[in-house]
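File shown here: final.txt, holding compact mmCIF, C-alpha atoms.
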# COMPACT_ATOMS: atom_id res chain seq x y z
CA MET A 1 -69.95 -26.83 60.99
CA THR A 2 -69.51 -29.93 63.11
CA PHE A 3 -67.82 -33.06 61.73
CA MET A 4 -68.69 -36.57 62.96
CA THR A 5 -66.25 -39.49 63.00
CA PRO A 6 -67.66 -42.86 64.14
CA ALA A 7 -65.52 -45.56 65.77
CA ARG A 8 -65.92 -48.70 67.89
CA LEU A 9 -64.52 -49.61 71.28
CA SER A 10 -63.03 -53.06 71.75
CA ASP A 11 -66.23 -54.49 73.26
CA GLY A 12 -68.30 -53.26 70.32
CA ARG A 13 -69.72 -50.08 71.84
CA GLU A 14 -70.24 -47.15 69.49
CA LEU A 15 -68.09 -44.03 69.90
CA ILE A 16 -68.44 -40.82 67.88
CA TYR A 17 -66.01 -37.90 67.73
CA PHE A 18 -67.58 -34.46 67.16
CA ASP A 19 -65.14 -31.83 65.88
CA ALA A 20 -65.48 -28.21 64.82
CA SER A 21 -62.69 -28.53 62.22
CA GLU A 22 -61.97 -30.88 59.33
CA HIS A 23 -58.35 -31.12 60.52
CA SER A 24 -59.39 -32.62 63.85
CA ALA A 25 -61.87 -34.92 62.15
CA ALA A 26 -59.19 -36.20 59.78
CA ARG A 27 -56.96 -36.99 62.75
CA HIS A 28 -59.72 -39.05 64.34
CA ARG A 29 -60.33 -40.92 61.10
CA ASP A 30 -56.72 -42.09 61.30
CA GLU A 31 -56.99 -42.96 64.99
CA ALA A 32 -60.25 -44.82 64.46
CA ALA A 33 -58.35 -47.36 62.38
CA SER A 34 -56.15 -48.30 65.37
CA ALA A 35 -59.13 -48.28 67.73
CA ASP A 36 -59.34 -49.30 71.36
CA GLN A 37 -56.36 -51.42 72.51
CA ARG A 38 -57.82 -52.66 75.80
CA GLY A 39 -59.30 -55.92 74.58
CA LEU A 40 -62.38 -55.58 76.76
CA PRO A 41 -64.58 -58.63 77.33
CA ALA A 42 -67.87 -58.90 75.47
CA ARG A 43 -70.68 -56.75 76.81
CA GLY A 44 -73.02 -58.31 79.30
CA ALA A 45 -76.75 -58.66 78.90
CA ALA A 46 -79.05 -55.73 79.51
CA GLY A 47 -80.60 -55.27 82.92
CA THR A 48 -84.29 -55.68 83.58
CA ALA A 49 -87.30 -53.42 83.99
CA ARG A 50 -89.99 -54.21 86.54
CA PHE A 51 -93.50 -52.82 86.40
CA ASP A 52 -94.79 -51.11 89.54
CA ALA A 53 -98.50 -51.93 89.43
CA LEU A 54 -99.22 -49.47 92.25
CA SER A 55 -97.99 -46.39 90.39
CA GLY A 56 -98.05 -47.63 86.78
CA GLU A 57 -94.33 -46.85 86.40
CA TRP A 58 -91.42 -48.89 85.07
CA ILE A 59 -88.39 -49.32 87.36
CA ALA A 60 -84.99 -50.25 85.91
CA VAL A 61 -83.02 -52.90 87.84
CA ALA A 62 -79.34 -52.50 86.93
CA ALA A 63 -77.29 -54.31 89.57
CA HIS A 64 -74.28 -54.35 87.23
CA ARG A 65 -73.88 -50.62 87.84
CA GLN A 66 -72.63 -51.33 91.37
CA SER A 67 -69.18 -51.95 89.90
CA ARG A 68 -68.98 -48.74 87.84
CA THR A 69 -66.04 -46.38 88.23
CA HIS A 70 -66.40 -44.01 91.19
CA LEU A 71 -64.38 -40.79 91.54
CA PRO A 72 -61.05 -42.14 90.23
CA PRO A 73 -57.83 -40.09 90.54
CA ALA A 74 -57.08 -37.79 87.62
CA ASP A 75 -54.43 -40.09 86.15
CA GLN A 76 -56.99 -42.90 85.93
CA CYS A 77 -59.92 -40.90 84.57
CA PRO A 78 -61.84 -42.92 81.96
CA LEU A 79 -62.87 -39.75 80.07
CA CYS A 80 -59.40 -38.27 79.57
CA PRO A 81 -57.57 -38.98 76.30
CA ALA A 82 -55.83 -42.36 76.34
CA THR A 83 -52.16 -42.60 77.35
CA PRO A 84 -49.90 -45.64 77.74
CA GLY A 85 -50.54 -45.48 81.49
CA ASN A 86 -54.28 -44.88 81.22
CA LEU A 87 -56.07 -46.76 78.44
CA SER A 88 -59.30 -44.85 78.87
CA GLU A 89 -62.72 -45.05 77.24
CA ILE A 90 -61.52 -42.59 74.59
CA PRO A 91 -58.60 -44.07 72.60
CA ALA A 92 -57.67 -40.78 70.90
CA ALA A 93 -54.59 -38.83 71.98
CA ASP A 94 -56.78 -35.72 72.09
CA TYR A 95 -60.36 -34.78 71.23
CA GLU A 96 -62.93 -32.00 71.24
CA VAL A 97 -66.27 -33.66 72.04
CA VAL A 98 -66.95 -37.41 72.22
CA VAL A 99 -70.15 -39.43 72.63
CA PHE A 100 -70.00 -43.14 73.43
CA GLU A 101 -72.21 -45.88 74.79
CA ASN A 102 -72.04 -46.14 78.56
CA ARG A 103 -70.11 -49.18 79.76
CA PHE A 104 -72.52 -49.47 82.70
CA PRO A 105 -75.92 -48.62 81.19
CA SER A 106 -79.19 -48.42 83.08
CA PHE A 107 -80.97 -49.17 79.80
CA GLY A 108 -79.75 -51.23 76.85
CA PRO A 109 -77.82 -52.13 74.83
CA ASP A 110 -80.74 -54.28 73.60
CA LEU A 111 -83.52 -52.48 71.74
CA GLY A 112 -87.16 -53.46 71.74
CA GLU A 113 -90.60 -52.70 73.11
CA LEU A 114 -91.93 -53.23 76.61
CA PRO A 115 -95.12 -55.29 77.11
CA ASP A 116 -98.33 -53.50 76.16
CA ALA A 117 -100.41 -54.65 79.15
CA PRO A 118 -98.09 -55.07 82.15
CA GLU A 119 -99.40 -56.08 85.55
CA TRP A 120 -98.03 -56.97 88.97
CA GLY A 121 -95.00 -59.24 88.54
CA THR A 122 -94.22 -58.18 84.96
CA THR A 123 -90.49 -58.18 84.25
CA ALA A 124 -88.99 -57.21 80.88
CA THR A 125 -85.64 -56.42 79.35
CA ALA A 126 -84.51 -52.87 80.14
CA TYR A 127 -84.40 -51.86 76.50
CA GLY A 128 -82.91 -48.55 75.45
CA ARG A 129 -79.59 -46.80 75.25
CA CYS A 130 -77.36 -44.82 77.62
CA GLU A 131 -74.59 -42.61 76.27
CA VAL A 132 -71.86 -40.47 77.82
CA VAL A 133 -71.00 -37.06 76.35
CA ALA A 134 -67.45 -35.95 77.15
CA PHE A 135 -67.53 -32.16 76.77
CA ASP A 136 -63.79 -31.57 76.50
CA SER A 137 -60.46 -33.37 76.81
CA ALA A 138 -59.47 -31.25 79.84
CA HIS A 139 -60.04 -33.07 83.12
CA GLN A 140 -61.41 -30.12 85.12
CA GLY A 141 -64.54 -28.06 84.55
CA SER A 142 -68.14 -28.43 83.44
CA PHE A 143 -70.31 -27.17 80.59
CA GLY A 144 -70.13 -23.64 81.99
CA SER A 145 -66.33 -23.57 81.73
CA LEU A 146 -66.27 -24.48 78.02
CA SER A 147 -65.28 -22.04 75.32
CA PRO A 148 -68.18 -20.86 73.13
CA GLU A 149 -66.85 -22.92 70.22
CA ARG A 150 -66.66 -26.08 72.31
CA ALA A 151 -70.08 -25.50 73.87
CA ARG A 152 -71.56 -25.06 70.37
CA THR A 153 -70.08 -28.42 69.34
CA VAL A 154 -71.67 -30.08 72.38
CA ILE A 155 -75.07 -28.64 71.39
CA ASP A 156 -74.63 -30.08 67.89
CA ALA A 157 -73.75 -33.44 69.45
CA TRP A 158 -76.87 -33.35 71.64
CA ALA A 159 -78.99 -32.54 68.60
CA GLN A 160 -77.51 -35.27 66.42
CA ARG A 161 -77.82 -37.93 69.11
CA THR A 162 -81.40 -36.86 69.89
CA GLU A 163 -82.35 -37.37 66.27
CA ALA A 164 -80.48 -40.67 65.92
CA LEU A 165 -81.71 -42.18 69.19
CA SER A 166 -85.30 -41.11 68.54
CA ALA A 167 -85.24 -43.20 65.35
CA MET A 168 -84.17 -46.41 67.13
CA PRO A 169 -86.73 -49.20 67.62
CA GLY A 170 -88.74 -48.94 70.83
CA ILE A 171 -87.37 -45.57 71.98
CA GLN A 172 -90.08 -43.26 73.33
CA GLN A 173 -88.12 -40.48 75.05
CA VAL A 174 -84.62 -39.00 74.68
CA PHE A 175 -83.17 -37.12 77.65
CA CYS A 176 -79.93 -35.08 77.56
CA PHE A 177 -78.62 -33.93 80.94
CA GLU A 178 -75.61 -32.85 82.99
CA ASN A 179 -75.09 -33.66 86.66
CA ARG A 180 -72.59 -31.20 88.13
CA GLY A 181 -71.01 -31.47 91.59
CA ALA A 182 -70.37 -34.07 94.27
CA ASP A 183 -73.51 -32.95 96.13
CA ILE A 184 -75.55 -34.12 93.14
CA GLY A 185 -73.84 -37.51 93.19
CA VAL A 186 -71.50 -37.42 90.21
CA THR A 187 -69.11 -40.39 89.96
CA LEU A 188 -66.68 -38.78 87.47
CA LEU A 189 -65.22 -35.29 87.83
CA HIS A 190 -64.31 -34.88 84.15
CA PRO A 191 -66.69 -32.41 82.40
CA HIS A 192 -69.39 -34.57 80.88
CA GLY A 193 -73.09 -35.22 80.54
CA GLN A 194 -75.28 -38.14 79.63
CA ILE A 195 -78.08 -39.09 77.26
CA TYR A 196 -80.77 -41.63 78.14
CA ALA A 197 -83.03 -43.12 75.48
CA TYR A 198 -85.95 -44.71 77.32
CA PRO A 199 -88.32 -47.47 76.16
CA PHE A 200 -91.13 -45.60 77.92
CA ILE A 201 -92.03 -42.00 78.70
CA PRO A 202 -90.68 -41.32 82.22
CA PRO A 203 -93.16 -40.07 84.85
CA ARG A 204 -92.01 -36.44 84.89
CA ALA A 205 -91.93 -36.20 81.10
CA ALA A 206 -95.32 -37.93 80.89
CA ALA A 207 -96.88 -35.42 83.28
CA LEU A 208 -95.49 -32.48 81.31
CA ALA A 209 -96.60 -34.01 78.00
CA ASP A 210 -100.11 -34.63 79.30
CA ARG A 211 -100.52 -31.05 80.55
CA ALA A 212 -99.15 -29.69 77.28
CA ALA A 213 -101.46 -31.86 75.18
CA ARG A 214 -104.54 -30.87 77.18
CA PHE A 215 -103.75 -27.15 76.89
CA HIS A 216 -103.06 -27.48 73.17
CA ALA A 217 -106.35 -29.32 72.58
CA ALA A 218 -108.34 -26.80 74.64
CA SER A 219 -106.99 -23.98 72.46
CA GLY A 220 -108.08 -25.78 69.30
CA GLY A 221 -104.48 -26.50 68.43
CA THR A 222 -103.53 -22.81 68.28
CA LYS A 223 -101.47 -22.40 71.48
CA THR A 224 -98.84 -24.26 73.48
CA LEU A 225 -98.62 -24.34 77.24
CA MET A 226 -94.92 -23.43 77.41
CA GLY A 227 -95.44 -20.65 74.87
CA HIS A 228 -98.22 -19.27 77.08
CA ILE A 229 -96.04 -19.52 80.21
CA LEU A 230 -93.08 -17.86 78.49
CA ALA A 231 -95.26 -14.96 77.33
CA SER A 232 -96.73 -14.61 80.83
CA GLU A 233 -93.32 -14.59 82.51
CA ARG A 234 -91.97 -12.02 80.05
CA SER A 235 -95.01 -9.84 80.64
CA ALA A 236 -94.70 -10.08 84.44
CA GLY A 237 -90.95 -9.48 84.27
CA ASP A 238 -90.02 -9.97 87.92
CA ARG A 239 -88.77 -13.53 87.45
CA MET A 240 -86.97 -12.98 84.14
CA VAL A 241 -83.20 -13.45 84.16
CA ILE A 242 -82.09 -13.13 80.52
CA GLU A 243 -83.96 -12.19 77.35
CA GLY A 244 -82.50 -12.70 73.90
CA LYS A 245 -83.72 -12.81 70.33
CA HIS A 246 -84.36 -16.56 70.30
CA PHE A 247 -84.10 -17.68 73.96
CA SER A 248 -85.11 -16.41 77.38
CA ALA A 249 -84.33 -17.65 80.89
CA PHE A 250 -86.56 -17.19 83.93
CA VAL A 251 -87.17 -18.54 87.41
CA PRO A 252 -90.58 -20.24 87.16
CA PHE A 253 -93.55 -18.86 89.09
CA ALA A 254 -93.93 -22.11 91.07
CA ALA A 255 -90.27 -23.13 91.37
CA ARG A 256 -89.79 -26.34 93.35
CA TRP A 257 -86.09 -25.94 94.13
CA PRO A 258 -84.17 -23.19 95.97
CA LEU A 259 -82.42 -22.46 92.68
CA GLU A 260 -84.39 -23.27 89.54
CA VAL A 261 -84.21 -21.66 86.10
CA HIS A 262 -85.97 -22.54 82.86
CA LEU A 263 -84.27 -21.71 79.55
CA VAL A 264 -86.84 -21.61 76.74
CA PRO A 265 -86.73 -20.94 72.99
CA HIS A 266 -89.11 -18.28 71.72
CA ARG A 267 -90.21 -20.60 68.91
CA GLN A 268 -91.97 -23.86 69.56
CA VAL A 269 -89.60 -26.69 68.72
CA ALA A 270 -89.97 -30.29 69.87
CA ASP A 271 -86.33 -31.06 70.60
CA LEU A 272 -82.73 -29.93 70.20
CA ALA A 273 -82.53 -31.45 66.73
CA GLY A 274 -85.16 -28.96 65.54
CA LEU A 275 -83.13 -25.83 66.39
CA THR A 276 -81.74 -23.78 63.52
CA GLY A 277 -78.07 -22.83 63.30
CA GLU A 278 -78.83 -19.27 64.42
CA GLU A 279 -80.82 -20.55 67.39
CA ARG A 280 -77.98 -22.89 68.41
CA ASP A 281 -75.54 -19.98 68.22
CA GLU A 282 -77.61 -17.89 70.61
CA LEU A 283 -78.32 -20.86 72.86
CA THR A 284 -74.57 -21.28 73.27
CA ALA A 285 -74.11 -17.71 74.45
CA VAL A 286 -77.22 -17.50 76.64
CA TYR A 287 -76.59 -20.86 78.31
CA LEU A 288 -72.98 -19.98 79.14
CA ASP A 289 -74.13 -16.60 80.47
CA LEU A 290 -76.74 -18.28 82.67
CA LEU A 291 -74.27 -20.81 84.08
CA GLY A 292 -71.81 -18.00 84.75
CA ARG A 293 -74.46 -16.14 86.76
CA ILE A 294 -75.31 -19.26 88.75
CA ASP A 295 -71.67 -19.76 89.71
CA ALA A 296 -71.34 -16.06 90.61
CA LEU A 297 -73.96 -16.40 93.37
CA TYR A 298 -71.62 -18.11 95.86
CA PRO A 299 -67.88 -18.37 96.56
CA THR A 300 -67.79 -22.01 95.38
CA PRO A 301 -69.28 -23.74 92.31
CA THR A 302 -72.96 -24.57 92.63
CA PRO A 303 -74.12 -28.18 92.17
CA TYR A 304 -76.95 -28.59 89.70
CA ILE A 305 -78.87 -30.87 87.37
CA ALA A 306 -79.32 -29.44 83.88
CA ALA A 307 -82.22 -31.37 82.34
CA TRP A 308 -83.27 -30.88 78.72
CA GLN A 309 -87.00 -31.54 78.55
CA GLN A 310 -87.72 -32.67 74.99
CA ALA A 311 -90.99 -33.82 73.47
CA PRO A 312 -91.56 -37.59 73.46
CA VAL A 313 -91.07 -39.43 70.18
CA ASP A 314 -94.85 -39.88 69.81
CA PRO A 315 -95.83 -37.63 66.84
CA VAL A 316 -99.10 -36.63 68.51
CA LEU A 317 -97.34 -35.41 71.67
CA ARG A 318 -94.74 -33.57 69.58
CA GLN A 319 -97.45 -31.24 68.29
CA SER A 320 -97.78 -29.68 71.75
CA GLY A 321 -94.31 -30.53 73.12
CA TYR A 322 -91.92 -27.63 73.68
CA LEU A 323 -88.19 -27.99 74.20
CA HIS A 324 -86.82 -26.30 77.32
CA LEU A 325 -84.08 -26.64 79.89
CA GLN A 326 -84.94 -27.10 83.56
CA LEU A 327 -81.85 -26.32 85.62
CA THR A 328 -82.25 -27.08 89.33
CA SER A 329 -79.98 -26.97 92.37
CA PRO A 330 -80.54 -28.01 95.99
CA ARG A 331 -78.31 -25.16 97.17
CA ARG A 332 -80.35 -22.75 99.30
CA ALA A 333 -77.43 -20.77 100.77
CA ALA A 334 -73.66 -20.69 100.55
CA ASP A 335 -73.37 -23.40 103.21
CA LYS A 336 -76.78 -25.08 103.06
CA LEU A 337 -78.42 -27.69 100.84
CA LYS A 338 -82.06 -28.66 100.56
CA TYR A 339 -82.67 -32.35 101.17
CA LEU A 340 -85.79 -34.11 99.98
CA ALA A 341 -87.49 -35.22 103.17
CA GLY A 342 -90.99 -36.45 103.99
CA SER A 343 -93.20 -34.09 102.01
CA GLU A 344 -91.05 -34.04 98.89
CA ALA A 345 -89.67 -37.58 98.80
CA ALA A 346 -92.74 -39.44 100.04
CA MET A 347 -95.59 -37.29 98.73
CA GLY A 348 -94.04 -35.30 95.86
CA ALA A 349 -95.30 -32.08 97.48
CA PHE A 350 -92.44 -29.58 97.28
CA ILE A 351 -91.81 -26.79 99.78
CA ASN A 352 -89.47 -24.07 98.53
CA ASP A 353 -87.26 -22.25 101.06
CA THR A 354 -86.65 -19.32 98.71
CA THR A 355 -88.89 -17.00 96.69
CA PRO A 356 -88.61 -17.19 92.88
CA GLU A 357 -88.60 -13.40 92.60
CA ALA A 358 -85.63 -13.02 94.98
CA VAL A 359 -83.67 -15.76 93.17
CA ALA A 360 -84.32 -14.13 89.80
CA ARG A 361 -83.18 -10.77 91.17
CA SER A 362 -79.95 -12.32 92.46
CA LEU A 363 -79.27 -13.93 89.10
CA ARG A 364 -79.94 -10.70 87.22
CA ASN A 365 -77.48 -8.89 89.47
CA ALA A 366 -74.86 -11.63 89.39
CA VAL A 367 -71.78 -10.86 87.33
CA PRO A 368 -70.17 -13.79 85.50
CA SER A 369 -66.39 -14.00 85.57
CA ALA A 370 -64.49 -11.55 83.38
CA ALA A 371 -63.14 -14.43 81.34
CA ARG A 372 -66.65 -15.68 80.62
CA ALA A 373 -67.99 -12.22 79.77
CA ASN A 374 -65.11 -11.58 77.37
CA ALA A 375 -65.36 -14.99 75.72
CA GLN A 376 -68.95 -14.94 74.50
CA PRO A 377 -70.87 -12.64 72.17
CA ALA A 378 -73.37 -10.27 73.76
CA VAL A 379 -76.53 -11.55 72.06
CA ALA A 380 -78.78 -11.22 75.11
CA ARG A 381 -79.19 -8.80 78.00
CA PRO A 382 -80.22 -9.28 81.60
CA ALA A 383 -83.96 -8.80 81.89
CA THR A 384 -83.58 -5.70 84.08
CA ASP A 385 -81.59 -3.95 81.35
CA ARG A 386 -84.38 -4.57 78.87
CA LYS A 387 -87.07 -3.30 81.26
CA ASP A 388 -85.11 -0.16 82.18
CA GLN A 389 -84.81 0.78 78.51
CA ALA A 390 -88.42 0.02 77.62
Translate the structure of the given file into structure tokens.
Amino acid sequence: MTFMTPARLSDGRELIYFDASEHSAARHRDEAASADQRGLPARGAAGTARFDALSGEWIAVAAHRQSRTHLPPADQCPLCPATPGNLSEIPAADYEVVVFENRFPSFGPDLGELPDAPEWGTTATAYGRCEVVAFDSAHQGSFGSLSPERARTVIDAWAQRTEALSAMPGIQQVFCFENRGADIGVTLLHPHGQIYAYPFIPPRAAALADRAARFHAASGGTKTLMGHILASERSAGDRMVIEGKHFSAFVPFAARWPLEVHLVPHRQVADLAGLTGEERDELTAVYLDLLGRIDALYPTPTPYIAAWQQAPVDPVLRQSGYLHLQLTSPRRAADKLKYLAGSEAAMGAFINDTTPEAVARSLRNAVPSAARANAQPAVARPATDRKDQA
């Protein structure tokens, strides 16, 4: 069970503690009364969104983010618990998992709806919400280094925030993600992720939703596109990485990136909030196993973007939407990165330098650290183990 304790920072931003124990929650209820001692100035106005008439996309203009914190030393980390010498974003002396409104948001804090019929020159308020999810009070690590209990609490936090943000006025898409590694462009080294609540459906999510809706309609509402792909990948077998009772992970047939893995529930569910307790338990174990395998590929930690693709808020699109994780990395060798050049960056036509089958084989054979293997329950097996015993 996860306990929630809401609080406010001194500039009015919302902060929520997520704890696995009532004892920790009670401690935060006491600390919430003292609150943030920094006396921050009032929040500034939201940025703007400009409509690109050529592509039909909305572009956020957030010049205020130029002044955001960038790779501070450990004793000045804004995500560590507050101390007299470091009055951080989290006023508690210790914590498990914390979610708070980003001080430098790309969207929000204002909520509302974008114009219905934008054209060239249309500018609007960048409505929405941006939140930070601090995975742990320890300064070093990432999601993959969390204990199973802590990782489970993060999943509960993602689910609760997805549900709450989806209900806010004007929100059309909720996106939970983790950027890991300097090569990805992280500005804080503390283990954390982010949640964006958009006032529109972003281009990538819109393309996925459109394909899913068309497939669903063509089947007479009896099949989902991701369900079909998952069944096809499990049948083929050569790109499977992990298969469990409720979740499976595979390298997609047409992977764009040198390292790309999709983690998919066996049951159609629109978003993280729709997962059952048993499904969240297995997701915790399978996700940690997958991240352990990714880090076992090379001598140093692998940079990645872990992107939770959730169905848009639109109830029609949720009928065919299918929650899944798309984890991608530009790392194509121990000492090489893939850079998006002409074909990818300008035309959106990806060229992969690896084969999905070889990447899947490497991940199946990778051995997570002994500490990771001993820390999590064995609820899923590498795909090769399952095939050998069939």
Practice prompt. Write out as a ChimeraX atom specification the residues lying within 10 Å of Gln268 in chain A, counting only C-alpha atoms and excluding same-chain residues fewer than 3 positions away.
Written response: /A:223-224,226-227,264-265,271,274-275,319-324
Worksheet item: If you count all atoms listed in the file, which residues fall within 6 Å of range 198-211 of chain A, apart from same-chain ones fewer than 4 positions away, as a PyMOL selection string?
Response: chain A and resi 127-128+170-173
Show me the residues around (-81.9, -40.5, 66.4) - criterion: an atom at most 10 Å away, only C-alpha atoms counted - as a JSON list (two decimals) with C-alpha atoms, in the coordinates of the input.
[["chain", "number", "residue", "atom", "x", "y", "z"],
["A", 159, "ALA", "CA", -78.99, -32.54, 68.60],
["A", 160, "GLN", "CA", -77.51, -35.27, 66.42],
["A", 161, "ARG", "CA", -77.82, -37.93, 69.11],
["A", 162, "THR", "CA", -81.40, -36.86, 69.89],
["A", 163, "GLU", "CA", -82.35, -37.37, 66.27],
["A", 164, "ALA", "CA", -80.48, -40.67, 65.92],
["A", 165, "LEU", "CA", -81.71, -42.18, 69.19],
["A", 166, "SER", "CA", -85.30, -41.11, 68.54],
["A", 167, "ALA", "CA", -85.24, -43.20, 65.35],
["A", 168, "MET", "CA", -84.17, -46.41, 67.13],
["A", 171, "ILE", "CA", -87.37, -45.57, 71.98],
["A", 174, "VAL", "CA", -84.62, -39.00, 74.68],
["A", 197, "ALA", "CA", -83.03, -43.12, 75.48],
["A", 273, "ALA", "CA", -82.53, -31.45, 66.73],
["A", 313, "VAL", "CA", -91.07, -39.43, 70.18]]
Worksheet item: Restricting the calculation to all atoms listed in the file, which member of A:Ala255, A:Ala213, A:Val186, A:Leu288 is positioned closest to Arg150 in chain A?
Response: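 Smallest distance to Arg150 in chain A is found for A:Leu288.
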Show me, as a JSON list (two decimals) with C-alpha atoms, in the frame of the given file, the residues that have an atom within 7 Å of range 176-185 of chain A when counting all atoms listed in the file, minus same-chain residues fewer than 2 positions from it.
[["chain", "number", "residue", "atom", "x", "y", "z"],
["A", 158, "TRP", "CA", -76.87, -33.35, 71.64],
["A", 174, "VAL", "CA", -84.62, -39.00, 74.68],
["A", 187, "THR", "CA", -69.11, -40.39, 89.96],
["A", 192, "HIS", "CA", -69.39, -34.57, 80.88],
["A", 193, "GLY", "CA", -73.09, -35.22, 80.54],
["A", 194, "GLN", "CA", -75.28, -38.14, 79.63],
["A", 195, "ILE", "CA", -78.08, -39.09, 77.26],
["A", 196, "TYR", "CA", -80.77, -41.63, 78.14],
["A", 303, "PRO", "CA", -74.12, -28.18, 92.17],
["A", 304, "TYR", "CA", -76.95, -28.59, 89.70],
["A", 305, "ILE", "CA", -78.87, -30.87, 87.37],
["A", 306, "ALA", "CA", -79.32, -29.44, 83.88],
["A", 307, "ALA", "CA", -82.22, -31.37, 82.34],
["A", 308, "TRP", "CA", -83.27, -30.88, 78.72]]
Discussion item. Between CA of Thr48 in chain A and CA of Trp120 in chain A, what distance in Å does the model show, to one decimal?
Written reply: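 Between these atoms lies a distance of 14.8 Å.
Each of A:Ala366, A:Ala249, A:Leu189, A:Ala42 was compared to Gln326 in chain A using only C-alpha atoms, and A:Ala249 turns out to be the nearest.
If all atoms listed in the file are the atoms counted, then among A:Pro258, A:Pro312, A:Pro115, A:Pro330 the closest residue to Glu357 in chain A is A:Pro258.
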Worksheet item: With only C-alpha atoms as the atoms that count, which of A:Ala26, A:Ala63, A:Ala35, A:Leu259 lies nearest to Gly12 in chain A?
Response: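 Closest to Gly12 in chain A of all the choices is A:Ala35.
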